[in-house]
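*Asks:* Coordinates in final-v8.cif, mmCIF, C-alpha atoms, are listed below.
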```
data_final
#
loop_
_atom_site.label_atom_id
_atom_site.label_comp_id
_atom_site.auth_asym_id
_atom_site.auth_seq_id
_atom_site.Cartn_x
_atom_site.Cartn_y
_atom_site.Cartn_z
CA MET E 1 -73.81 121.40 -107.77
CA ALA E 2 -74.97 120.82 -111.31
CA GLN E 3 -76.80 123.73 -112.83
CA LYS E 4 -78.98 121.43 -114.89
CA PRO E 5 -81.80 120.08 -112.70
CA GLN E 6 -82.67 116.46 -113.38
CA ARG E 7 -85.94 114.60 -113.11
CA GLY E 8 -86.74 112.62 -110.00
CA GLY E 9 -87.33 115.23 -107.33
CA GLN E 10 -84.18 117.24 -107.77
CA ILE E 11 -85.61 120.64 -106.79
CA HIS E 12 -87.08 121.72 -103.51
CA SER E 13 -87.67 125.08 -101.92
CA VAL E 14 -87.11 126.30 -98.38
CA GLU E 15 -87.51 129.60 -96.63
CA SER E 16 -83.99 129.54 -95.25
CA GLU E 17 -80.83 127.52 -95.44
CA SER E 18 -81.46 126.06 -92.00
CA ASP E 19 -84.67 124.28 -93.02
CA SER E 20 -84.46 120.52 -93.43
CA ASP E 21 -83.94 118.89 -96.82
CA VAL E 22 -86.87 117.43 -98.72
CA PHE E 23 -86.13 114.17 -100.47
CA ALA E 24 -88.22 113.12 -103.42
CA PHE E 25 -89.23 110.32 -105.71
CA ILE E 26 -90.84 109.71 -109.11
CA LEU E 27 -94.41 108.56 -109.63
CA LYS E 28 -96.03 108.08 -112.99
CA THR E 29 -98.69 110.40 -114.40
CA SER E 30 -102.30 109.38 -113.95
CA ASP E 31 -102.59 107.88 -117.44
CA ASN E 32 -99.27 105.99 -117.09
CA SER E 33 -98.28 107.10 -120.60
CA SER E 34 -95.54 109.67 -120.03
CA ASP E 35 -93.89 111.87 -117.47
CA LYS E 36 -94.13 114.89 -119.77
CA VAL E 37 -97.09 117.14 -120.35
CA THR E 38 -97.85 120.24 -122.41
CA VAL E 39 -99.12 123.10 -120.28
CA SER E 40 -100.40 126.40 -121.59
CA LEU E 41 -98.72 129.29 -119.72
CA GLY E 42 -100.78 132.40 -120.31
CA GLY E 43 -101.83 130.96 -123.66
CA HIS E 44 -98.37 129.71 -124.75
CA PRO E 45 -97.74 125.92 -124.85
CA VAL E 46 -94.73 124.65 -122.88
CA GLU E 47 -93.60 121.05 -122.43
CA PHE E 48 -92.91 120.18 -118.79
CA VAL E 49 -91.41 117.20 -117.04
CA ILE E 50 -93.77 116.14 -114.25
CA ASP E 51 -91.70 115.89 -111.07
CA SER E 52 -93.74 114.47 -108.20
CA GLY E 53 -90.87 115.18 -105.80
CA ALA E 54 -90.43 118.86 -106.62
CA SER E 55 -92.06 121.42 -104.35
CA ALA E 56 -91.74 124.20 -106.94
CA ASN E 57 -92.27 124.77 -110.68
CA ILE E 58 -89.17 125.89 -112.54
CA ILE E 59 -88.20 127.04 -116.04
CA ASP E 60 -84.80 128.15 -117.32
CA LYS E 61 -83.64 131.57 -118.52
CA GLU E 62 -83.87 130.68 -122.23
CA LEU E 63 -87.53 129.67 -121.97
CA TRP E 64 -88.30 132.76 -119.89
CA GLU E 65 -86.81 135.05 -122.54
CA ALA E 66 -88.82 133.25 -125.24
CA LEU E 67 -92.04 133.66 -123.27
CA LYS E 68 -91.33 137.36 -122.73
CA LYS E 69 -90.95 137.86 -126.48
CA LYS E 70 -94.37 136.27 -126.90
CA ARG E 71 -95.72 138.81 -124.39
CA LEU E 72 -96.59 136.30 -121.70
CA LYS E 73 -99.32 137.65 -119.43
CA CYS E 74 -98.02 137.25 -115.90
CA TYR E 75 -97.13 138.97 -112.67
CA SER E 76 -93.37 138.81 -112.05
CA GLU E 77 -91.35 139.76 -108.98
CA LYS E 78 -87.99 139.24 -107.31
CA CYS E 79 -87.50 135.99 -105.45
CA GLU E 80 -86.32 135.87 -101.83
CA LYS E 81 -87.08 132.20 -101.28
CA LYS E 82 -84.17 129.81 -101.87
CA LEU E 83 -84.39 126.72 -104.06
CA TYR E 84 -82.02 123.80 -103.59
CA ALA E 85 -81.18 120.90 -105.86
CA TYR E 86 -81.43 117.56 -104.09
CA SER E 87 -78.47 116.88 -101.74
CA SER E 88 -76.97 120.32 -102.49
CA THR E 89 -76.12 122.89 -99.82
CA GLU E 90 -75.85 125.73 -102.32
CA PRO E 91 -79.07 127.39 -103.54
CA LEU E 92 -79.85 127.56 -107.24
CA LYS E 93 -79.24 130.88 -108.95
CA LEU E 94 -82.62 132.39 -109.72
CA LEU E 95 -83.63 135.40 -111.78
CA GLY E 96 -87.00 135.69 -110.06
CA LYS E 97 -90.48 134.23 -110.13
CA PHE E 98 -93.82 134.89 -111.78
CA ARG E 99 -97.47 133.91 -111.54
CA THR E 100 -99.61 133.10 -114.53
CA HIS E 101 -102.66 131.13 -115.59
CA THR E 102 -101.95 127.51 -116.49
CA LEU E 103 -104.20 125.29 -118.59
CA ILE E 104 -104.29 121.72 -119.89
CA GLU E 105 -106.13 122.30 -123.15
CA GLU E 106 -107.13 118.66 -123.65
CA THR E 107 -109.03 118.53 -120.36
CA GLY E 108 -109.77 122.17 -119.67
CA ASN E 109 -108.19 121.96 -116.22
CA GLY E 110 -106.60 125.26 -115.24
CA SER E 111 -105.26 127.14 -112.25
CA GLU E 112 -103.18 130.15 -111.24
CA GLU E 113 -99.64 128.94 -110.47
CA GLU E 114 -96.19 130.24 -109.49
CA PHE E 115 -92.99 129.55 -111.46
CA TYR E 116 -89.33 130.14 -110.66
CA VAL E 117 -86.82 131.17 -113.33
CA LEU E 118 -83.42 129.46 -113.21
CA ASN E 119 -80.41 131.56 -114.20
CA GLY E 120 -79.02 128.69 -116.26
CA LYS E 121 -80.18 125.92 -118.56
CA GLY E 122 -82.39 122.93 -117.78
CA PRO E 123 -85.74 121.25 -118.49
CA ALA E 124 -89.01 122.82 -117.38
CA LEU E 125 -90.18 121.07 -114.21
CA LEU E 126 -93.80 120.89 -113.10
CA GLY E 127 -93.92 120.36 -109.32
CA LYS E 128 -96.21 118.02 -107.44
CA ASP E 129 -98.81 120.54 -106.24
CA THR E 130 -99.31 122.16 -109.65
CA ALA E 131 -99.41 118.78 -111.41
CA MET E 132 -102.11 117.64 -109.00
CA ASN E 133 -104.04 120.91 -109.41
CA LEU E 134 -104.03 120.35 -113.17
CA ALA E 135 -105.04 116.69 -112.68
CA VAL E 136 -102.05 115.36 -114.61
CA LEU E 137 -100.65 113.64 -111.51
CA LYS E 138 -102.51 111.46 -109.07
CA LEU E 139 -100.82 110.19 -105.93
CA GLY E 140 -102.23 107.18 -104.20
CA VAL E 141 -102.37 103.41 -104.06
CA ASN E 142 -103.67 101.84 -107.26
CA SER E 143 -104.69 98.58 -105.62
CA VAL E 144 -104.10 96.48 -102.56
CA GLN E 145 -103.74 92.73 -103.02
CA SER E 146 -103.25 90.08 -100.38
CA PHE E 147 -102.03 86.52 -100.61
CA ASP E 148 -101.83 83.88 -97.91
CA ILE E 149 -98.14 84.16 -97.10
CA VAL E 150 -98.97 83.28 -93.50
CA ARG E 151 -100.25 79.86 -94.53
CA GLU E 152 -97.37 79.32 -96.97
CA TYR E 153 -94.66 80.14 -94.39
CA PRO E 154 -96.32 79.45 -90.99
CA GLU E 155 -93.00 79.10 -89.14
CA CYS E 156 -92.30 82.82 -89.72
CA PHE E 157 -95.48 83.90 -87.92
CA GLN E 158 -95.44 81.89 -84.70
CA GLY E 159 -94.33 83.14 -81.28
CA LYS E 160 -91.53 85.67 -80.97
CA GLY E 161 -88.39 85.36 -83.05
CA LYS E 162 -84.76 85.81 -82.08
CA LEU E 163 -81.92 86.96 -84.32
CA LYS E 164 -79.49 84.06 -84.69
CA ASN E 165 -75.79 84.20 -83.84
CA PHE E 166 -75.90 87.73 -82.44
CA LYS E 167 -75.84 89.33 -79.00
CA LEU E 168 -76.08 93.07 -78.49
CA LYS E 169 -73.58 94.77 -76.18
CA LEU E 170 -74.62 97.84 -74.21
CA HIS E 171 -71.77 100.21 -73.38
CA ILE E 172 -71.89 101.03 -69.67
CA ASP E 173 -70.15 104.00 -68.07
CA GLN E 174 -68.37 102.43 -65.10
CA ASP E 175 -67.91 105.84 -63.47
CA VAL E 176 -71.68 106.10 -62.83
CA LYS E 177 -72.55 104.74 -59.39
CA PRO E 178 -75.18 101.96 -59.51
CA PHE E 179 -78.54 102.76 -57.94
CA ALA E 180 -81.10 100.32 -56.50
CA GLN E 181 -84.61 101.76 -56.42
CA ALA E 182 -87.50 100.64 -54.28
CA MET E 183 -90.45 98.81 -55.82
CA TYR E 184 -93.49 100.80 -56.90
CA ARG E 185 -96.61 99.40 -55.27
CA ILE E 186 -98.94 97.63 -57.71
CA PRO E 187 -102.72 97.64 -57.09
CA TYR E 188 -103.90 94.21 -55.93
CA SER E 189 -106.48 94.20 -58.72
CA LEU E 190 -103.65 94.15 -61.30
CA ARG E 191 -101.31 91.69 -59.60
CA GLU E 192 -102.75 88.64 -61.32
CA LYS E 193 -102.27 90.20 -64.75
CA VAL E 194 -98.74 91.31 -63.86
CA GLY E 195 -97.92 87.78 -62.73
CA GLU E 196 -99.30 86.30 -65.94
CA GLN E 197 -97.23 88.67 -68.05
CA LEU E 198 -94.05 87.94 -66.09
CA ASP E 199 -94.63 84.19 -66.49
CA ASP E 200 -95.23 84.64 -70.22
CA LEU E 201 -92.04 86.68 -70.73
CA GLU E 202 -90.06 84.13 -68.72
CA SER E 203 -91.47 81.19 -70.67
CA GLN E 204 -90.38 82.87 -73.92
CA ASP E 205 -86.82 83.34 -72.61
CA ILE E 206 -87.14 87.14 -72.66
CA ILE E 207 -86.61 87.63 -68.91
CA GLU E 208 -85.23 85.45 -66.12
CA LYS E 209 -85.32 85.55 -62.33
CA VAL E 210 -82.42 86.97 -60.33
CA ASN E 211 -81.46 85.15 -57.13
CA SER E 212 -78.22 86.96 -56.32
CA PRO E 213 -77.30 90.50 -55.22
CA THR E 214 -77.36 93.11 -57.98
CA PRO E 215 -76.20 96.78 -57.87
CA TRP E 216 -78.84 97.99 -60.35
CA VAL E 217 -82.57 97.74 -59.60
CA SER E 218 -85.36 99.60 -61.39
CA PRO E 219 -89.08 99.59 -60.52
CA VAL E 220 -91.88 98.75 -62.93
CA ILE E 221 -94.86 100.88 -63.91
CA ILE E 222 -98.11 99.23 -64.93
CA VAL E 223 -99.99 100.97 -67.74
CA PRO E 224 -103.57 99.70 -68.31
CA LYS E 225 -104.64 99.25 -71.95
CA SER E 226 -108.07 100.12 -73.32
CA ASN E 227 -108.82 96.42 -73.95
CA GLY E 228 -108.35 95.58 -70.26
CA ASP E 229 -104.83 94.22 -70.70
CA ILE E 230 -101.73 95.86 -69.20
CA ARG E 231 -98.34 97.07 -70.40
CA LEU E 232 -95.38 96.28 -68.15
CA CYS E 233 -92.89 99.19 -68.28
CA VAL E 234 -89.53 99.32 -66.50
CA ASP E 235 -88.66 102.78 -65.15
CA MET E 236 -85.05 102.99 -66.40
CA ARG E 237 -84.57 106.71 -65.69
CA GLN E 238 -81.83 106.10 -63.12
CA ALA E 239 -80.14 103.26 -65.00
CA ILE E 240 -79.92 105.00 -68.38
CA ALA E 241 -77.57 107.56 -66.84
CA ALA E 242 -74.92 104.84 -67.07
CA ILE E 243 -75.77 103.68 -70.61
CA ILE E 244 -73.59 105.34 -73.23
CA ARG E 245 -75.86 106.24 -76.10
CA GLU E 246 -74.61 105.43 -79.59
CA ARG E 247 -75.52 107.68 -82.49
CA HIS E 248 -76.59 105.69 -85.52
CA PRO E 249 -78.81 107.44 -88.09
CA ILE E 250 -82.46 106.47 -88.32
CA PRO E 251 -83.83 107.10 -91.83
CA THR E 252 -86.81 109.35 -92.37
CA VAL E 253 -89.92 108.40 -94.35
CA ASP E 254 -88.77 110.80 -97.09
CA GLU E 255 -85.45 108.95 -97.41
CA ILE E 256 -87.27 105.63 -97.70
CA LEU E 257 -89.52 107.09 -100.41
CA TYR E 258 -86.48 108.31 -102.31
CA ASN E 259 -84.88 104.86 -102.15
CA VAL E 260 -87.98 103.14 -103.57
CA ASN E 261 -87.91 105.37 -106.66
CA GLY E 262 -89.13 103.39 -109.68
CA SER E 263 -90.89 100.63 -107.73
CA GLU E 264 -94.60 99.97 -108.19
CA VAL E 265 -95.33 96.93 -106.01
CA PHE E 266 -94.83 97.05 -102.24
CA SER E 267 -95.25 94.94 -99.12
CA LYS E 268 -94.85 96.01 -95.49
CA LEU E 269 -93.79 93.66 -92.73
CA ASP E 270 -93.83 94.34 -89.00
CA LEU E 271 -91.51 92.48 -86.63
CA ARG E 272 -93.53 91.19 -83.69
CA SER E 273 -92.13 92.55 -80.40
CA GLY E 274 -89.15 93.72 -82.41
CA TYR E 275 -86.85 94.70 -79.54
CA HIS E 276 -87.35 91.32 -77.90
CA GLN E 277 -85.94 89.61 -81.00
CA ILE E 278 -82.46 90.97 -80.18
CA GLU E 279 -80.58 89.06 -77.46
CA LEU E 280 -78.46 91.02 -74.99
CA GLU E 281 -74.88 90.05 -74.24
CA GLU E 282 -74.56 88.58 -70.73
CA SER E 283 -72.54 91.55 -69.43
CA SER E 284 -75.27 93.95 -70.61
CA ARG E 285 -78.14 92.33 -68.74
CA GLU E 286 -77.46 93.31 -65.13
CA ILE E 287 -78.38 96.96 -65.71
CA THR E 288 -81.89 95.89 -66.82
CA THR E 289 -82.69 94.35 -63.41
CA PHE E 290 -86.19 95.27 -62.23
CA VAL E 291 -88.19 94.53 -59.11
CA THR E 292 -91.80 93.33 -58.80
CA TYR E 293 -93.92 91.81 -56.02
CA LYS E 294 -92.68 88.42 -57.33
CA GLY E 295 -89.02 89.35 -56.89
CA LEU E 296 -86.16 90.46 -59.16
CA TYR E 297 -85.85 89.81 -62.90
CA ILE E 298 -83.42 90.79 -65.66
CA TYR E 299 -84.02 91.13 -69.37
CA LYS E 300 -82.18 88.72 -71.66
CA ARG E 301 -83.40 90.63 -74.70
CA LEU E 302 -83.39 94.28 -75.75
CA MET E 303 -86.18 96.28 -74.13
CA PHE E 304 -87.94 99.62 -74.20
CA GLY E 305 -86.46 102.17 -71.82
CA ILE E 306 -82.85 101.67 -72.86
CA SER E 307 -81.77 105.01 -74.30
CA SER E 308 -79.56 103.53 -77.02
CA ALA E 309 -82.15 100.95 -78.10
CA PRO E 310 -83.71 102.81 -81.11
CA GLU E 311 -80.39 103.57 -82.81
CA LYS E 312 -78.83 100.16 -82.06
CA TYR E 313 -81.95 98.33 -83.20
CA GLN E 314 -82.03 100.28 -86.47
CA GLN E 315 -78.35 99.50 -87.04
CA VAL E 316 -78.78 95.78 -86.38
CA ILE E 317 -81.87 95.32 -88.56
CA SER E 318 -80.28 97.34 -91.38
CA GLN E 319 -77.23 95.06 -91.23
CA VAL E 320 -79.47 91.99 -91.41
CA PHE E 321 -81.02 93.25 -94.66
CA HIS E 322 -77.84 94.79 -96.05
CA ASP E 323 -77.47 92.23 -98.83
CA CYS E 324 -81.20 92.00 -99.58
CA GLU E 325 -81.97 94.15 -102.59
CA GLY E 326 -85.21 96.11 -102.51
CA VAL E 327 -85.59 96.11 -98.72
CA GLN E 328 -85.82 99.22 -96.52
CA ASN E 329 -86.60 99.52 -92.83
CA ILE E 330 -87.41 102.07 -90.18
CA SER E 331 -86.98 100.24 -86.88
CA ASP E 332 -89.23 97.14 -87.03
CA ASP E 333 -91.23 98.31 -90.05
CA ILE E 334 -89.83 96.69 -93.20
CA VAL E 335 -90.77 97.67 -96.75
CA ILE E 336 -90.11 95.32 -99.67
CA HIS E 337 -90.47 96.85 -103.13
CA GLY E 338 -90.08 95.95 -106.78
CA ARG E 339 -90.64 97.40 -110.23
CA ASP E 340 -93.19 94.67 -110.96
CA LYS E 341 -94.90 91.81 -109.15
CA ALA E 342 -92.32 89.23 -110.18
CA GLU E 343 -89.40 91.26 -108.87
CA HIS E 344 -91.31 92.14 -105.70
CA ASP E 345 -92.28 88.54 -104.97
CA LYS E 346 -88.71 87.31 -105.48
CA ARG E 347 -87.42 89.94 -103.05
CA LEU E 348 -90.17 89.19 -100.54
#
```
Show the structure stored in the file as structure tokens.
*Replies:*
Amino acid sequence: MAQKPQRGGQIHSVESESDSDVFAFILKTSDNSSDKVTVSLGGHPVEFVIDSGASANIIDKELWEALKKKRLKCYSEKCEKKLYAYSSTEPLKLLGKFRTHTLIEETGNGSEEEFYVLNGKGPALLGKDTAMNLAVLKLGVNSVQSFDIVREYPECFQGKGKLKNFKLKLHIDQDVKPFAQAMYRIPYSLREKVGEQLDDLESQDIIEKVNSPTPWVSPVIIVPKSNGDIRLCVDMRQAIAAIIRERHPIPTVDEILYNVNGSEVFSKLDLRSGYHQIELEESSREITTFVTYKGLYIYKRLMFGISSAPEKYQQVISQVFHDCEGVQNISDDIVIHGRDKAEHDKRL
């Protein structure tokens, strides 16, 4: 671990070593002129780097000694909280912490803030909360612009898509005995809507009828929506006992934010019926068999209810965009980003 903390969200604090990491990213100051600001600490000017990803303010030992010689008015105490540099498992060595009055003399904005003293050398970092309290950092969206990409590329926004030249294989534990469940009774008032949805899924090549014996059968549950429509859900609780779950990491929002560091223009895309855009390998379809009043069906595409679906879907979509610079995804939510509009539009 480097003793010198760098800009870009390199410092975060936690109460214990078991707490989760906090990833960070850089945003510009509200006037877009610089990421440095002069803050008066108890009447003594100090130049800070504004770090919108840091959850704590920090100064080094040399600056602390200089402030003490100037008789800084503050309340100091020992520090039990641990501070970690980004991606480090070892806490920073701290001398302690202190509270003092901070002031931006140009604007008159001031507040009582807490600072940690690093037992080492590094730049003075002003964390996100203090920077916002002093009104030298503003987080938010500057503007939202729209352009008619739907009209320019209509073929991308019709029907449901399907990933080309790929079929997903589910790993089935052959030692688990197949189980055929009885059908759940569906209210007659909902049968017409269920039938319409089955016909729609079949017409889009997402499901198909089964006319032969099958060892796996799951019932369906009908969930009414507030708009009067229904959601067709397959109860896979018995079947998923045989599906071997794969462990692929799903990124957090904080990780996505860290990866878009430096970008200023963003777009967000949502894949329509994302799971249904992934075709299942033929040998992986039998376990999805479900029963309705219209008979048996299997899914030809990935579906909700499969325990390994979230991780496998994330892995597949990430692989699709692997060579596309400036693209991040969490499941079917895709973020395209660029440092300016030209770069963003090219990536989009």
*Asks:* State, in Å with one decimal place, the distance from CA of Lys169 in chain E to CA of Glu282 in chain E.
*Replies:*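 Interatomic distance here is 8.3 Å.
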*Asks:* Return the single residue from E:Ser273, E:Ser218, E:Gln328, E:Ser111 that is closest to Gly295 in chain E, with distances computed using all atoms listed in the file.
*Replies:* E:Ser218
*Asks:* Name all residues at most 9 Å from Gly42 in chain E (count only C-alpha atoms; drop same-chain ones fewer than 6 positions away) and give them as a PyMOL selection string.
*Replies:* chain E and resi 72-74+100-103
*Asks:* Since we have the selection now, will you write its residues out, keeping C-alpha atoms, as a compact mmCIF listing (two decimals), keeping the file's coordinate frame?
*Replies:*
```txt
# COMPACT_ATOMS: atom_id res chain seq x y z
CA LEU E 72 -96.59 136.30 -121.70
CA LYS E 73 -99.32 137.65 -119.43
CA CYS E 74 -98.02 137.25 -115.90
CA THR E 100 -99.61 133.10 -114.53
CA HIS E 101 -102.66 131.13 -115.59
CA THR E 102 -101.95 127.51 -116.49
CA LEU E 103 -104.20 125.29 -118.59
```
*Asks:* For the structure provided, state which residues fall under the PyMOL selection byres ((chain E and resi 222) around 6), and present them as a ChimeraX atom specification.
*Replies:* /E:221,223,231-232
*Asks:* Could you check how far CA of Arg301 in chain E sits from CA of Leu280 in chain E, in Å to one decimal?
*Replies:*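 Value for the CA of Arg301 in chain E-CA of Leu280 in chain E distance: 5.0 Å.
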*Asks:* Between CA of Gln204 in chain E and CA of Ile306 in chain E, what is the distance, to one decimal in Å?
*Replies:*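 Distance reported for this atom pair: 20.3 Å.
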*Asks:* Any chance you could resolve the PyMOL selection byres ((chain E and resi 134) around 7) against this file and give the residues as a PDB file with C-alpha atoms, in the coordinates of the input?
*Replies:*
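The resulting file, result03.pdb, is shown below:
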```pdb
ATOM      1  CA  ILE E 104    -104.290 121.720-119.890  1.00  0.00           C
ATOM      2  CA  ASN E 109    -108.190 121.960-116.220  1.00  0.00           C
ATOM      3  CA  GLY E 110    -106.600 125.260-115.240  1.00  0.00           C
ATOM      4  CA  SER E 111    -105.260 127.140-112.250  1.00  0.00           C
ATOM      5  CA  THR E 130     -99.310 122.160-109.650  1.00  0.00           C
ATOM      6  CA  ALA E 131     -99.410 118.780-111.410  1.00  0.00           C
ATOM      7  CA  MET E 132    -102.110 117.640-109.000  1.00  0.00           C
ATOM      8  CA  ASN E 133    -104.040 120.910-109.410  1.00  0.00           C
ATOM      9  CA  ALA E 135    -105.040 116.690-112.680  1.00  0.00           C
ATOM     10  CA  VAL E 136    -102.050 115.360-114.610  1.00  0.00           C
TER      11      VAL E 136
END
```
*Asks:* Could you pull the residues within 8 Å of range 162-168 of chain E, counting only C-alpha atoms, minus those fewer than 5 positions along the same chain, as a PDB file with C-alpha atoms, in the coordinates of the input?
*Replies:*
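Below is the file around.pdb, written as the result:
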```
ATOM      1  CA  HIS E 276     -87.350  91.320 -77.900  1.00  0.00           C
ATOM      2  CA  GLN E 277     -85.940  89.610 -81.000  1.00  0.00           C
ATOM      3  CA  ILE E 278     -82.460  90.970 -80.180  1.00  0.00           C
ATOM      4  CA  GLU E 279     -80.580  89.060 -77.460  1.00  0.00           C
ATOM      5  CA  LEU E 280     -78.460  91.020 -74.990  1.00  0.00           C
ATOM      6  CA  GLU E 281     -74.880  90.050 -74.240  1.00  0.00           C
ATOM      7  CA  SER E 284     -75.270  93.950 -70.610  1.00  0.00           C
ATOM      8  CA  LEU E 302     -83.390  94.280 -75.750  1.00  0.00           C
TER       9      LEU E 302
END
```
*Asks:* Please expand the PyMOL selection byres ((chain E and resi 327) around 10) into the concrete residues it hits in this file, giving the result as a PyMOL selection string.
*Replies:* chain E and resi 256+259-260+266-268+318+321-326+328-329+334-338+344+347-348
